[in-house]
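Notes to accompany the following structure.
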Amino acid sequence: MTSNNKNELLLLSGEEKNYAVEFSYVTEICFDLPISRIPALPDGFLGMSNYKGNIVPIIELKNGGAAIQPVILIMQHLKYQFGLRAEAQLNIIPAGAAAIVQESGSSGEDDADLWREKGLYRYEGKLISLLDVERSIEGILLL
Amino acid sequence: MGYFDSDAEEMLQVYLLETRQLTGQLSTVLLDAEKNNCFTQEDIHSIFRVMHTIKSSSAMMGLTEMSSMAHKLEDLFAFYREQNGTVEQPKAELFDLLLDALDHMEDEMERMSQEDYAPKSTQEIEERAAAYLEKAAGEEIRLPESEETTEEEQGIPGGLEEKDGIVVRVVFEENCRMENIRAYMLVRQISGLCSCVETYPPNLEKAADGAEYINKNGVFIRFETQQEEDVLECLSKGLFVKNCEIVSQEEKPQRQELGQEEEKPAARQESRDAEFISVRSDRLDKLQNLTGEMVIQMLNLDSGLTEAGMDDLKEGTAYQINRLIYEMERTVMEIRLVPLEKLIPKLRRTLRDIGREQHKEIDLAVNCANIEADKSVVDLISEALIHLIRNAVDHGIGTPEERLAVGKKRRGTITFSVESMSGELLISVSDDGRGLDEEKILEKAREKGLLNKPAEAYGSDEICELILQPGFTTNQEVTAYSGRGVGLDVVKNTVEEIGGQLHIHSEAGEGSKFIITVPMTLATMECTRFQVGEYRFSLPSRYVFRFMDYRSNRENIRETNGRQYILYEDRMVPLIDLRKFYRMESSAPDSSIVIYVKNVEKEGCVLVDFMYTQKRVVVKPLPPLMGPDFRKRTGITGFGTMGDGVVCAALDPGLLISQYEREAVYDVQQ
């Protein structure tokens, strides 16, 4: 990880959909983190994991990548820590390398979705939804 | 770097520790004096000494304003000291002055560690102090000779020359500051070479006022040694030492070899020092976290050894390591224990201030014996208790006239009491005031749309709980202390965050009682662990009283209003089938076990598939992302880690049973 991770995006390329997150929110990329099922969790929550002594909720990001190795991104914003599980191939690109196609709110995002988007971007011919981590956390807290 | 230069910054933590101890003493003296309406001779001496020490140590740290303020107050109490009497019926103005000075010092100390710290002006307090002294003294203000300046420079003080050994006078470079600490370091350096070391001034590391004396006169060190040259060289080459001269040298008989177990003042002092040391609380937190992680890893190891069939190792070395970790964990927990009594001065001060503001007369009755709890628990509930005290005064206790009008005593009483029971603290704040006005609460709740059933259907306990909602207040106006409705919900959240609960009992016209139950420690706890379906759970073992066979007790189960109850002893208690409660699809097997649980307020039974062995578990609080209501809706209060790394849901029986009684299943959403 370089000191420029504020200006980098982590691409999550799935079979059906591509996402990106600002790399500054990513604490660690884990491949083998066991997830324990816990009852009474909101929809979209897969369970809890023990991450270095902290119990973090793991939330699914569906991107139709069943054939791809699942990965869990441990993310943090302020006091909120969680794991984002996706079946995706990972790639890091400079933030400026992706061109904006559409701002957030205009893509008709479903209020039922856990994940909020900052906007749609295009990179190397692929359409990428940039996740808005902060708004997503706000939405989760309202559940 | 901030306000302090590098030298002073090194000493900042020591300065803060010592000064906080002094301000703590001062607070106690002032509140007692106000209560007794009199400053005794001892009080006057104490306040003088506190101000004198703060004056010197603040000056050393370059805190000229604080030093100057302490100096003015020292002058005031020097005057009283000279009178050699007591101060009967001191004016309220004097208490206000001293408490304002105390608040100022505490506020400054809170900010001192910040990068952008800048001292606030003390001019107003100093002017008030000078004016008060002028009024009290009349015409002239005489300063007393301070103890250090009465010492003569030409003789060797402290009677050192009358004893055996060599006496040297060490003078430090000008402006080196903290001369007493520097002298102390010198003494420590030579202690190993000497059979005896004594100094004047004595108690160098504790008496910050010695620095002034040493700055003027040097420090006198008497030592006895067979390595005279080494000691002298060590002293001469000491840090910031300007000069080291022998002022007295006695012929001494050949000493016994070093290691003689005679009474040695330096050794005695060192062994006294070893009785108590100050430890930074963040280091204690780290130690506790590490111990917690060791417990988890030991659970993993135990499981691994069992799976590998290595019973010999498990019963042998692993068992011994487990015992040692247990001892270490207990020791760490004991280190972290602080007495609940330490909360009293702050509570008394809050009560005093708000009582004066609202012209109410209130006594604080305290009953907490010698009960101790984990420092983090005590720190967390401290603010919660202050809210409760404020609430009791603002809403509960009336003015003397109001109280007399209803046949009560003029002075109200707030009682703070603490009990410990089965690893929990029960802390209550009760008052003999008006009690909760249920009608008013219901009306307000109706206005705010908080009622989810007809008002008549609300029981007393439920009405009391309404006041814990955010923003709820029946105050028509906002006072400095309450009325914004941010007090009680903060208390509730704070308590629940550490796995505790808040209960309210009230009787109109008689008073109210707020009871907080919290665990005594936030580290590990003995847990009863079990599985239901694919999920794993734990319950604190202190709440588990009995296990029963489901199959043979099936005939004792009845269903009423969609809830199951089971016969336990001579009564029907709720039976919570966790499968149904958590909306799982499968059914409980015949081989299920019924666990009877009971806490302060609730009792019931829980139906589980099978049990794991009881273990100490590190229960971590709910992640913030779960939101503030998850606990209450689901009965899950935290998460623990099993030996195989699986995360289990830690249940709170009280919350579980409450939710079951309300809705029979967990609440999916608000």
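Please note that chains go A, B, ... in the order of the structure tokens, that every chain numbers its residues from 1, and that ligands are numbered from 1 in the order shown.
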List every residue of chain B that has an atom at most 10 Å from any atom of chain A, and for each one report the closest atom pair and its distance in Å to one decimal, counting only C-alpha atoms, with rows sorted by chain and then by increasing residue number, as JSON lines.
{"residue": "B:Asn289", "atom": "CA", "partner": "A:Gly53", "partner_atom": "CA", "distance": 8.9}
{"residue": "B:Leu290", "atom": "CA", "partner": "A:Gly53", "partner_atom": "CA", "distance": 9.8}
{"residue": "B:Gly292", "atom": "CA", "partner": "A:Gly53", "partner_atom": "CA", "distance": 9.0}
{"residue": "B:Glu293", "atom": "CA", "partner": "A:Gly53", "partner_atom": "CA", "distance": 7.0}
{"residue": "B:Ile296", "atom": "CA", "partner": "A:Gly53", "partner_atom": "CA", "distance": 9.0}
{"residue": "B:Glu534", "atom": "CA", "partner": "A:Arg37", "partner_atom": "CA", "distance": 7.3}
{"residue": "B:Tyr535", "atom": "CA", "partner": "A:Ile38", "partner_atom": "CA", "distance": 6.1}
{"residue": "B:Arg536", "atom": "CA", "partner": "A:Ile38", "partner_atom": "CA", "distance": 7.7}
{"residue": "B:Phe537", "atom": "CA", "partner": "A:Ile38", "partner_atom": "CA", "distance": 8.9}
{"residue": "B:Leu578", "atom": "CA", "partner": "A:Pro39", "partner_atom": "CA", "distance": 9.8}
{"residue": "B:Arg579", "atom": "CA", "partner": "A:Pro39", "partner_atom": "CA", "distance": 9.6}
{"residue": "B:Phe581", "atom": "CA", "partner": "A:Ala40", "partner_atom": "CA", "distance": 9.4}
{"residue": "B:Tyr582", "atom": "CA", "partner": "A:Ala40", "partner_atom": "CA", "distance": 6.2}
{"residue": "B:Arg583", "atom": "CA", "partner": "A:Ala40", "partner_atom": "CA", "distance": 8.3}
{"residue": "B:Met584", "atom": "CA", "partner": "A:Pro39", "partner_atom": "CA", "distance": 8.5}
{"residue": "B:Val618", "atom": "CA", "partner": "A:Gly53", "partner_atom": "CA", "distance": 9.6}
{"residue": "B:Val619", "atom": "CA", "partner": "A:Ile55", "partner_atom": "CA", "distance": 9.7}
{"residue": "B:Lys620", "atom": "CA", "partner": "A:Ile55", "partner_atom": "CA", "distance": 7.2}
{"residue": "B:Pro621", "atom": "CA", "partner": "A:Ile55", "partner_atom": "CA", "distance": 8.5}
{"residue": "B:Leu622", "atom": "CA", "partner": "A:Ile55", "partner_atom": "CA", "distance": 7.9}
{"residue": "B:Pro623", "atom": "CA", "partner": "A:Val56", "partner_atom": "CA", "distance": 6.6}
{"residue": "B:Pro624", "atom": "CA", "partner": "A:Tyr80", "partner_atom": "CA", "distance": 6.0}
{"residue": "B:Leu625", "atom": "CA", "partner": "A:Tyr80", "partner_atom": "CA", "distance": 5.8}
{"residue": "B:Met626", "atom": "CA", "partner": "A:Leu141", "partner_atom": "CA", "distance": 6.8}
{"residue": "B:Gly627", "atom": "CA", "partner": "A:Leu141", "partner_atom": "CA", "distance": 5.5}
{"residue": "B:Pro628", "atom": "CA", "partner": "A:Leu141", "partner_atom": "CA", "distance": 8.6}
{"residue": "B:Asp629", "atom": "CA", "partner": "A:Leu141", "partner_atom": "CA", "distance": 9.9}
{"residue": "B:Phe630", "atom": "CA", "partner": "A:Ala40", "partner_atom": "CA", "distance": 8.9}
{"residue": "B:Arg633", "atom": "CA", "partner": "A:Ala40", "partner_atom": "CA", "distance": 9.0}
{"residue": "B:Thr634", "atom": "CA", "partner": "A:Ala40", "partner_atom": "CA", "distance": 6.6}
{"residue": "B:Gly635", "atom": "CA", "partner": "A:Ala40", "partner_atom": "CA", "distance": 9.7}
{"residue": "B:Ile636", "atom": "CA", "partner": "A:Ala40", "partner_atom": "CA", "distance": 8.9}
{"residue": "B:Gly638", "atom": "CA", "partner": "A:Ile55", "partner_atom": "CA", "distance": 9.1}
{"residue": "B:Phe639", "atom": "CA", "partner": "A:Ile55", "partner_atom": "CA", "distance": 7.0}
{"residue": "B:Gly640", "atom": "CA", "partner": "A:Ile55", "partner_atom": "CA", "distance": 8.3}
{"residue": "B:Thr641", "atom": "CA", "partner": "A:Asn50", "partner_atom": "CA", "distance": 7.5}
{"residue": "B:Gly645", "atom": "CA", "partner": "A:Asn50", "partner_atom": "CA", "distance": 7.4}
{"residue": "B:Val646", "atom": "CA", "partner": "A:Ser36", "partner_atom": "CA", "distance": 5.8}
{"residue": "B:Val647", "atom": "CA", "partner": "A:Ser36", "partner_atom": "CA", "distance": 5.5}
{"residue": "B:Cys648", "atom": "CA", "partner": "A:Ile38", "partner_atom": "CA", "distance": 7.4}
{"residue": "B:Ala649", "atom": "CA", "partner": "A:Ile38", "partner_atom": "CA", "distance": 6.7}
{"residue": "B:Tyr666", "atom": "CA", "partner": "A:Ala40", "partner_atom": "CA", "distance": 7.2}
{"residue": "B:Asp667", "atom": "CA", "partner": "A:Ala40", "partner_atom": "CA", "distance": 8.4}
{"residue": "B:Val668", "atom": "CA", "partner": "A:Ala40", "partner_atom": "CA", "distance": 7.2}
{"residue": "B:Gln669", "atom": "CA", "partner": "A:Leu143", "partner_atom": "CA", "distance": 6.8}
{"residue": "B:Gln670", "atom": "CA", "partner": "A:Leu143", "partner_atom": "CA", "distance": 8.2}
The selected residues should be written to file as a compact mmCIF listing (two decimals), in the first residue's frame (atoms: N, CA and C atoms).
# COMPACT_ATOMS: atom_id res chain seq x y z
N ASN B 289 -5.91 -6.28 27.24
CA ASN B 289 -6.21 -6.80 25.91
C ASN B 289 -5.34 -8.01 25.58
N LEU B 290 -4.07 -7.89 25.90
CA LEU B 290 -3.15 -9.00 25.62
C LEU B 290 -3.56 -10.24 26.41
N GLY B 292 -6.52 -10.97 27.42
CA GLY B 292 -7.74 -11.48 26.78
C GLY B 292 -7.40 -12.31 25.56
N GLU B 293 -6.47 -11.81 24.75
CA GLU B 293 -6.08 -12.56 23.55
C GLU B 293 -5.43 -13.88 23.92
N ILE B 296 -8.10 -16.36 24.59
CA ILE B 296 -8.70 -16.86 23.34
C ILE B 296 -7.77 -17.89 22.70
N GLU B 534 -27.77 -23.87 13.70
CA GLU B 534 -26.38 -23.65 13.26
C GLU B 534 -25.70 -22.54 14.04
N TYR B 535 -26.39 -22.00 15.02
CA TYR B 535 -25.86 -20.84 15.74
C TYR B 535 -25.32 -21.24 17.11
N ARG B 536 -24.32 -20.48 17.53
CA ARG B 536 -23.77 -20.71 18.86
C ARG B 536 -24.01 -19.49 19.73
N PHE B 537 -24.26 -19.78 20.98
CA PHE B 537 -24.61 -18.73 21.93
C PHE B 537 -23.85 -18.93 23.23
N LEU B 578 -35.38 -20.78 21.42
CA LEU B 578 -34.58 -19.83 20.64
C LEU B 578 -34.78 -20.02 19.14
N ARG B 579 -35.17 -21.20 18.75
CA ARG B 579 -35.44 -21.41 17.32
C ARG B 579 -36.60 -20.51 16.87
N PHE B 581 -37.80 -17.99 18.59
CA PHE B 581 -37.50 -16.59 18.89
C PHE B 581 -36.72 -15.94 17.75
N TYR B 582 -35.75 -16.69 17.20
CA TYR B 582 -34.94 -16.14 16.12
C TYR B 582 -35.43 -16.56 14.75
N ARG B 583 -36.68 -17.03 14.73
CA ARG B 583 -37.35 -17.34 13.46
C ARG B 583 -36.58 -18.35 12.61
N MET B 584 -36.04 -19.36 13.27
CA MET B 584 -35.38 -20.43 12.52
C MET B 584 -36.47 -21.40 12.07
N VAL B 618 -13.91 -14.23 26.36
CA VAL B 618 -13.73 -12.79 26.18
C VAL B 618 -14.93 -12.31 25.38
N VAL B 619 -15.82 -11.61 26.02
CA VAL B 619 -17.01 -11.12 25.33
C VAL B 619 -16.75 -9.69 24.88
N LYS B 620 -16.78 -9.50 23.57
CA LYS B 620 -16.55 -8.16 23.02
C LYS B 620 -17.91 -7.48 22.83
N PRO B 621 -17.94 -6.15 22.99
CA PRO B 621 -19.22 -5.47 22.82
C PRO B 621 -19.68 -5.52 21.36
N LEU B 622 -20.93 -5.19 21.16
CA LEU B 622 -21.48 -5.15 19.80
C LEU B 622 -20.73 -4.13 18.97
N PRO B 623 -20.42 -4.46 17.72
CA PRO B 623 -19.79 -3.46 16.85
C PRO B 623 -20.72 -2.25 16.71
N PRO B 624 -20.19 -1.03 16.63
CA PRO B 624 -21.03 0.16 16.50
C PRO B 624 -22.00 0.08 15.32
N LEU B 625 -21.61 -0.66 14.29
CA LEU B 625 -22.46 -0.71 13.10
C LEU B 625 -23.79 -1.41 13.37
N MET B 626 -23.89 -2.14 14.47
CA MET B 626 -25.15 -2.82 14.77
C MET B 626 -26.21 -1.83 15.24
N GLY B 627 -25.79 -0.62 15.59
CA GLY B 627 -26.77 0.38 15.99
C GLY B 627 -27.13 0.26 17.47
N PRO B 628 -27.83 1.28 17.98
CA PRO B 628 -28.07 1.36 19.42
C PRO B 628 -29.17 0.42 19.93
N ASP B 629 -30.03 -0.06 19.04
CA ASP B 629 -31.19 -0.83 19.53
C ASP B 629 -31.07 -2.32 19.32
N PHE B 630 -29.99 -2.75 18.73
CA PHE B 630 -29.86 -4.17 18.40
C PHE B 630 -29.99 -5.04 19.65
N ARG B 633 -33.58 -5.35 20.93
CA ARG B 633 -34.47 -6.05 20.01
C ARG B 633 -34.17 -7.53 19.94
N THR B 634 -32.92 -7.89 20.15
CA THR B 634 -32.53 -9.28 19.90
C THR B 634 -32.07 -10.04 21.14
N GLY B 635 -31.77 -9.32 22.22
CA GLY B 635 -31.23 -9.98 23.41
C GLY B 635 -29.76 -10.33 23.29
N ILE B 636 -29.16 -9.98 22.15
CA ILE B 636 -27.72 -10.26 21.94
C ILE B 636 -26.94 -9.03 22.37
N GLY B 638 -23.44 -8.95 22.89
CA GLY B 638 -22.04 -8.90 22.50
C GLY B 638 -21.70 -10.20 21.78
N PHE B 639 -20.40 -10.35 21.51
CA PHE B 639 -19.95 -11.56 20.83
C PHE B 639 -18.71 -12.12 21.50
N GLY B 640 -18.68 -13.45 21.59
CA GLY B 640 -17.48 -14.10 22.13
C GLY B 640 -16.91 -15.02 21.08
N THR B 641 -15.71 -15.49 21.33
CA THR B 641 -15.07 -16.39 20.37
C THR B 641 -14.89 -17.75 21.02
N GLY B 645 -12.54 -20.81 17.03
CA GLY B 645 -12.55 -19.55 16.28
C GLY B 645 -13.94 -19.10 15.88
N VAL B 646 -14.94 -19.94 16.11
CA VAL B 646 -16.31 -19.56 15.75
C VAL B 646 -16.79 -18.47 16.70
N VAL B 647 -17.49 -17.50 16.15
CA VAL B 647 -18.03 -16.40 16.95
C VAL B 647 -19.39 -16.81 17.49
N CYS B 648 -19.59 -16.61 18.78
CA CYS B 648 -20.90 -16.95 19.36
C CYS B 648 -21.57 -15.66 19.84
N ALA B 649 -22.90 -15.69 19.83
CA ALA B 649 -23.67 -14.52 20.26
C ALA B 649 -23.84 -14.58 21.76
N TYR B 666 -37.78 -12.02 18.24
CA TYR B 666 -36.92 -10.84 18.20
C TYR B 666 -37.54 -9.82 17.26
N ASP B 667 -37.28 -8.56 17.56
CA ASP B 667 -37.85 -7.46 16.80
C ASP B 667 -36.99 -7.24 15.56
N VAL B 668 -37.62 -7.41 14.40
CA VAL B 668 -36.84 -7.30 13.16
C VAL B 668 -36.38 -5.87 12.94
N GLN B 669 -37.29 -4.93 13.15
CA GLN B 669 -36.91 -3.53 12.98
C GLN B 669 -37.79 -2.67 13.83
N GLN B 670 -37.38 -1.47 14.05
CA GLN B 670 -38.13 -0.52 14.87
C GLN B 670 -39.43 -0.17 14.20
- Nearby residues (only C-alpha atoms) at most 9 Å from Phe45 (chain A), same-chain spacing under 5 positions excluded, as a PyMOL selection string: chain A and resi 57-60
- Arg85 (chain A) environment, 9 Å, only C-alpha atoms, sequence neighbours closer than 2 positions dropped, as a list of chain:residue names: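 Final neighbour list, sorted by chain and number: A:Leu46, A:Ile58, A:Ile59, A:Glu60, A:Leu61, A:Lys62, A:Pro70, A:Val71, A:Ile72, A:Leu73, A:Ile74, A:Gly83, A:Glu87.
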- What separation in Å, quoted to one decimal, exists between CA of Ile354 (chain B) and CA of Asp379 (chain B)? 21.6 Å
- Near Arg551 (chain B), counting only C-alpha atoms, which residues have an atom at most 8 Å away, once you skip same-chain residues fewer than 3 positions from it, shown as a PyMOL selection string? chain B and resi 554+590-592
Output file for the selection above: N, CA, C and O atoms, as a JSON list (two decimals), in the first residue's frame:
[["chain", "number", "residue", "atom", "x", "y", "z"],
["B", 554, "ARG", "N", -41.74, -31.81, 29.14],
["B", 554, "ARG", "CA", -42.65, -31.32, 28.10],
["B", 554, "ARG", "C", -44.06, -31.17, 28.64],
["B", 554, "ARG", "O", -44.81, -30.27, 28.26],
["B", 590, "ASP", "N", -35.72, -33.64, 20.50],
["B", 590, "ASP", "CA", -36.16, -34.17, 21.79],
["B", 590, "ASP", "C", -35.07, -34.10, 22.83],
["B", 590, "ASP", "O", -35.34, -34.00, 24.03],
["B", 591, "SER", "N", -33.87, -34.19, 22.36],
["B", 591, "SER", "CA", -32.74, -34.23, 23.31],
["B", 591, "SER", "C", -32.34, -32.84, 23.79],
["B", 591, "SER", "O", -31.30, -32.67, 24.41],
["B", 592, "SER", "N", -33.18, -31.84, 23.53],
["B", 592, "SER", "CA", -32.86, -30.46, 23.92],
["B", 592, "SER", "C", -32.74, -30.34, 25.44],
["B", 592, "SER", "O", -33.22, -31.18, 26.21]]
Could you find all residues in region 426-526 of chain B that DSSP calls strand (DSSP E or B) from the backbone, and write them as a PDB file with N, CA and C atoms, in the first residue's frame?
ATOM      1  N   LEU B 426     -24.467  -3.366  41.501  1.00  0.00           N
ATOM      2  CA  LEU B 426     -25.793  -2.747  41.524  1.00  0.00           C
ATOM      3  C   LEU B 426     -25.602  -1.364  42.141  1.00  0.00           C
ATOM      4  N   ILE B 427     -25.746  -0.361  41.296  1.00  0.00           N
ATOM      5  CA  ILE B 427     -25.527   1.012  41.761  1.00  0.00           C
ATOM      6  C   ILE B 427     -26.867   1.719  41.717  1.00  0.00           C
ATOM      7  N   SER B 428     -27.241   2.325  42.824  1.00  0.00           N
ATOM      8  CA  SER B 428     -28.531   3.013  42.800  1.00  0.00           C
ATOM      9  C   SER B 428     -28.381   4.455  43.248  1.00  0.00           C
ATOM     10  N   VAL B 429     -29.153   5.318  42.598  1.00  0.00           N
ATOM     11  CA  VAL B 429     -29.254   6.720  42.984  1.00  0.00           C
ATOM     12  C   VAL B 429     -30.732   6.959  43.267  1.00  0.00           C
ATOM     13  N   SER B 430     -31.041   7.201  44.521  1.00  0.00           N
ATOM     14  CA  SER B 430     -32.453   7.384  44.872  1.00  0.00           C
ATOM     15  C   SER B 430     -32.630   8.721  45.572  1.00  0.00           C
ATOM     16  N   ASP B 431     -33.820   9.261  45.440  1.00  0.00           N
ATOM     17  CA  ASP B 431     -34.110  10.535  46.101  1.00  0.00           C
ATOM     18  C   ASP B 431     -35.441  10.425  46.836  1.00  0.00           C
ATOM     19  N   GLN B 501     -27.567  -2.523  32.487  1.00  0.00           N
ATOM     20  CA  GLN B 501     -28.969  -2.127  32.306  1.00  0.00           C
ATOM     21  C   GLN B 501     -29.334  -1.031  33.286  1.00  0.00           C
ATOM     22  N   LEU B 502     -30.371  -0.296  32.905  1.00  0.00           N
ATOM     23  CA  LEU B 502     -30.887   0.769  33.768  1.00  0.00           C
ATOM     24  C   LEU B 502     -32.343   0.457  34.097  1.00  0.00           C
ATOM     25  N   HIS B 503     -32.657   0.445  35.387  1.00  0.00           N
ATOM     26  CA  HIS B 503     -34.043   0.215  35.809  1.00  0.00           C
ATOM     27  C   HIS B 503     -34.495   1.418  36.622  1.00  0.00           C
ATOM     28  N   ILE B 504     -35.777   1.677  36.543  1.00  0.00           N
ATOM     29  CA  ILE B 504     -36.319   2.825  37.289  1.00  0.00           C
ATOM     30  C   ILE B 504     -37.496   2.353  38.135  1.00  0.00           C
ATOM     31  N   HIS B 505     -37.480   2.754  39.396  1.00  0.00           N
ATOM     32  CA  HIS B 505     -38.637   2.536  40.265  1.00  0.00           C
ATOM     33  C   HIS B 505     -39.028   3.889  40.822  1.00  0.00           C
ATOM     34  N   SER B 506     -40.330   4.150  40.852  1.00  0.00           N
ATOM     35  CA  SER B 506     -40.740   5.459  41.347  1.00  0.00           C
ATOM     36  C   SER B 506     -42.098   5.366  42.007  1.00  0.00           C
ATOM     37  N   GLU B 507     -42.294   6.219  42.990  1.00  0.00           N
ATOM     38  CA  GLU B 507     -43.597   6.297  43.638  1.00  0.00           C
ATOM     39  C   GLU B 507     -43.932   7.770  43.792  1.00  0.00           C
ATOM     40  N   GLY B 511     -40.627   9.496  45.921  1.00  0.00           N
ATOM     41  CA  GLY B 511     -39.270   9.591  45.376  1.00  0.00           C
ATOM     42  C   GLY B 511     -39.058   8.585  44.269  1.00  0.00           C
ATOM     43  N   SER B 512     -37.852   8.618  43.732  1.00  0.00           N
ATOM     44  CA  SER B 512     -37.511   7.728  42.620  1.00  0.00           C
ATOM     45  C   SER B 512     -36.191   7.041  42.892  1.00  0.00           C
ATOM     46  N   LYS B 513     -36.011   5.908  42.238  1.00  0.00           N
ATOM     47  CA  LYS B 513     -34.755   5.165  42.398  1.00  0.00           C
ATOM     48  C   LYS B 513     -34.320   4.687  41.025  1.00  0.00           C
ATOM     49  N   PHE B 514     -33.103   5.048  40.657  1.00  0.00           N
ATOM     50  CA  PHE B 514     -32.522   4.597  39.396  1.00  0.00           C
ATOM     51  C   PHE B 514     -31.462   3.561  39.724  1.00  0.00           C
ATOM     52  N   ILE B 515     -31.598   2.388  39.147  1.00  0.00           N
ATOM     53  CA  ILE B 515     -30.658   1.307  39.450  1.00  0.00           C
ATOM     54  C   ILE B 515     -29.889   0.954  38.188  1.00  0.00           C
ATOM     55  N   ILE B 516     -28.592   1.027  38.301  1.00  0.00           N
ATOM     56  CA  ILE B 516     -27.739   0.622  37.185  1.00  0.00           C
ATOM     57  C   ILE B 516     -27.096  -0.697  37.565  1.00  0.00           C
ATOM     58  N   THR B 517     -27.220  -1.691  36.681  1.00  0.00           N
ATOM     59  CA  THR B 517     -26.457  -2.922  36.895  1.00  0.00           C
ATOM     60  C   THR B 517     -25.411  -2.997  35.782  1.00  0.00           C
ATOM     61  N   VAL B 518     -24.183  -3.184  36.181  1.00  0.00           N
ATOM     62  CA  VAL B 518     -23.093  -3.303  35.206  1.00  0.00           C
ATOM     63  C   VAL B 518     -22.177  -4.432  35.642  1.00  0.00           C
ATOM     64  N   PRO B 519     -21.480  -5.042  34.688  1.00  0.00           N
ATOM     65  CA  PRO B 519     -20.505  -6.047  35.106  1.00  0.00           C
ATOM     66  C   PRO B 519     -19.348  -5.374  35.838  1.00  0.00           C
ATOM     67  N   THR B 524     -12.962 -10.862  30.883  1.00  0.00           N
ATOM     68  CA  THR B 524     -13.563 -12.148  30.533  1.00  0.00           C
ATOM     69  C   THR B 524     -14.629 -12.505  31.549  1.00  0.00           C
ATOM     70  N   MET B 525     -15.483 -13.424  31.179  1.00  0.00           N
ATOM     71  CA  MET B 525     -16.453 -13.925  32.154  1.00  0.00           C
ATOM     72  C   MET B 525     -16.707 -15.396  31.899  1.00  0.00           C
ATOM     73  N   GLU B 526     -17.090 -16.057  32.967  1.00  0.00           N
ATOM     74  CA  GLU B 526     -17.459 -17.473  32.845  1.00  0.00           C
ATOM     75  C   GLU B 526     -18.774 -17.548  32.085  1.00  0.00           C
TER      76      GLU B 526
END
- Message: For a test of reading the model, state the distance in Å between CA of Glu103 (chain A) and CA of Gly119 (chain A), rounded to one decimal.
- Response: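 Separating CA of Glu103 (chain A) from CA of Gly119 (chain A) is a distance of 4.4 Å.
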- Task: Mind the document's chain letters and residue numbers, and return as a list in words the residues of region 13-95 of chain A that DSSP labels helix (DSSP H, G or I).
- Result: Phe23, Ser24, Tyr25 and Ala95 of chain A
- Query: For the atom pair CA of Arg135 (chain A) and CA of Leu33 (chain A), what is the interatomic distance in Å to one decimal place?
  - Reply: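 Pair CA of Arg135 (chain A) / CA of Leu33 (chain A) returns 25.5 Å.
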- Find the residues around Asn367 (chain B) up to 8 Å (only C-alpha atoms counted), leave out those fewer than 3 positions away in its own chain, and share them as a list in words.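 Once the nearby chain positions are removed, what remains is Thr415, Phe416, Ser417 and Val418 of chain B.
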Output N, CA and C atoms for every residue in that selection, as a PDB file, in the first residue's frame.
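Everything below was put into part.pdb:
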ATOM      1  N   THR B 415     -29.501   9.368  47.886  1.00  0.00           N
ATOM      2  CA  THR B 415     -28.708   8.258  48.405  1.00  0.00           C
ATOM      3  C   THR B 415     -28.004   7.543  47.252  1.00  0.00           C
ATOM      4  N   PHE B 416     -26.711   7.437  47.385  1.00  0.00           N
ATOM      5  CA  PHE B 416     -25.899   6.726  46.400  1.00  0.00           C
ATOM      6  C   PHE B 416     -25.417   5.453  47.061  1.00  0.00           C
ATOM      7  N   SER B 417     -25.846   4.311  46.527  1.00  0.00           N
ATOM      8  CA  SER B 417     -25.372   3.075  47.163  1.00  0.00           C
ATOM      9  C   SER B 417     -24.931   2.067  46.128  1.00  0.00           C
ATOM     10  N   VAL B 418     -24.022   1.224  46.546  1.00  0.00           N
ATOM     11  CA  VAL B 418     -23.419   0.233  45.655  1.00  0.00           C
ATOM     12  C   VAL B 418     -23.419  -1.111  46.362  1.00  0.00           C
TER      13      VAL B 418
END
- Message: Let me make sure I understand: among A:Ser13, A:Ser129, A:Gln76, A:Asn91, which one has the smallest atom-to-atom distance to Ser104 (chain A) if we use only C-alpha atoms?
- Response: A:Ser129
- Message: If we count only C-alpha atoms and set the cut-off at 9 Å, which residues sit around region 175-181 of chain B, ignoring sequence neighbours fewer than 2 positions away in its own chain? Please answer as a VMD selection string.
- Response: chain B and resid 7 to 8 11 57 60 to 61 172 to 173 183 to 186 201 203 to 215 218 to 219 240
- Note on the structure: Of A:Ile100, A:Ala86, A:Val133, A:Ile128, the one nearest to Ser24 (chain A) when counting only C-alpha atoms is A:Val133
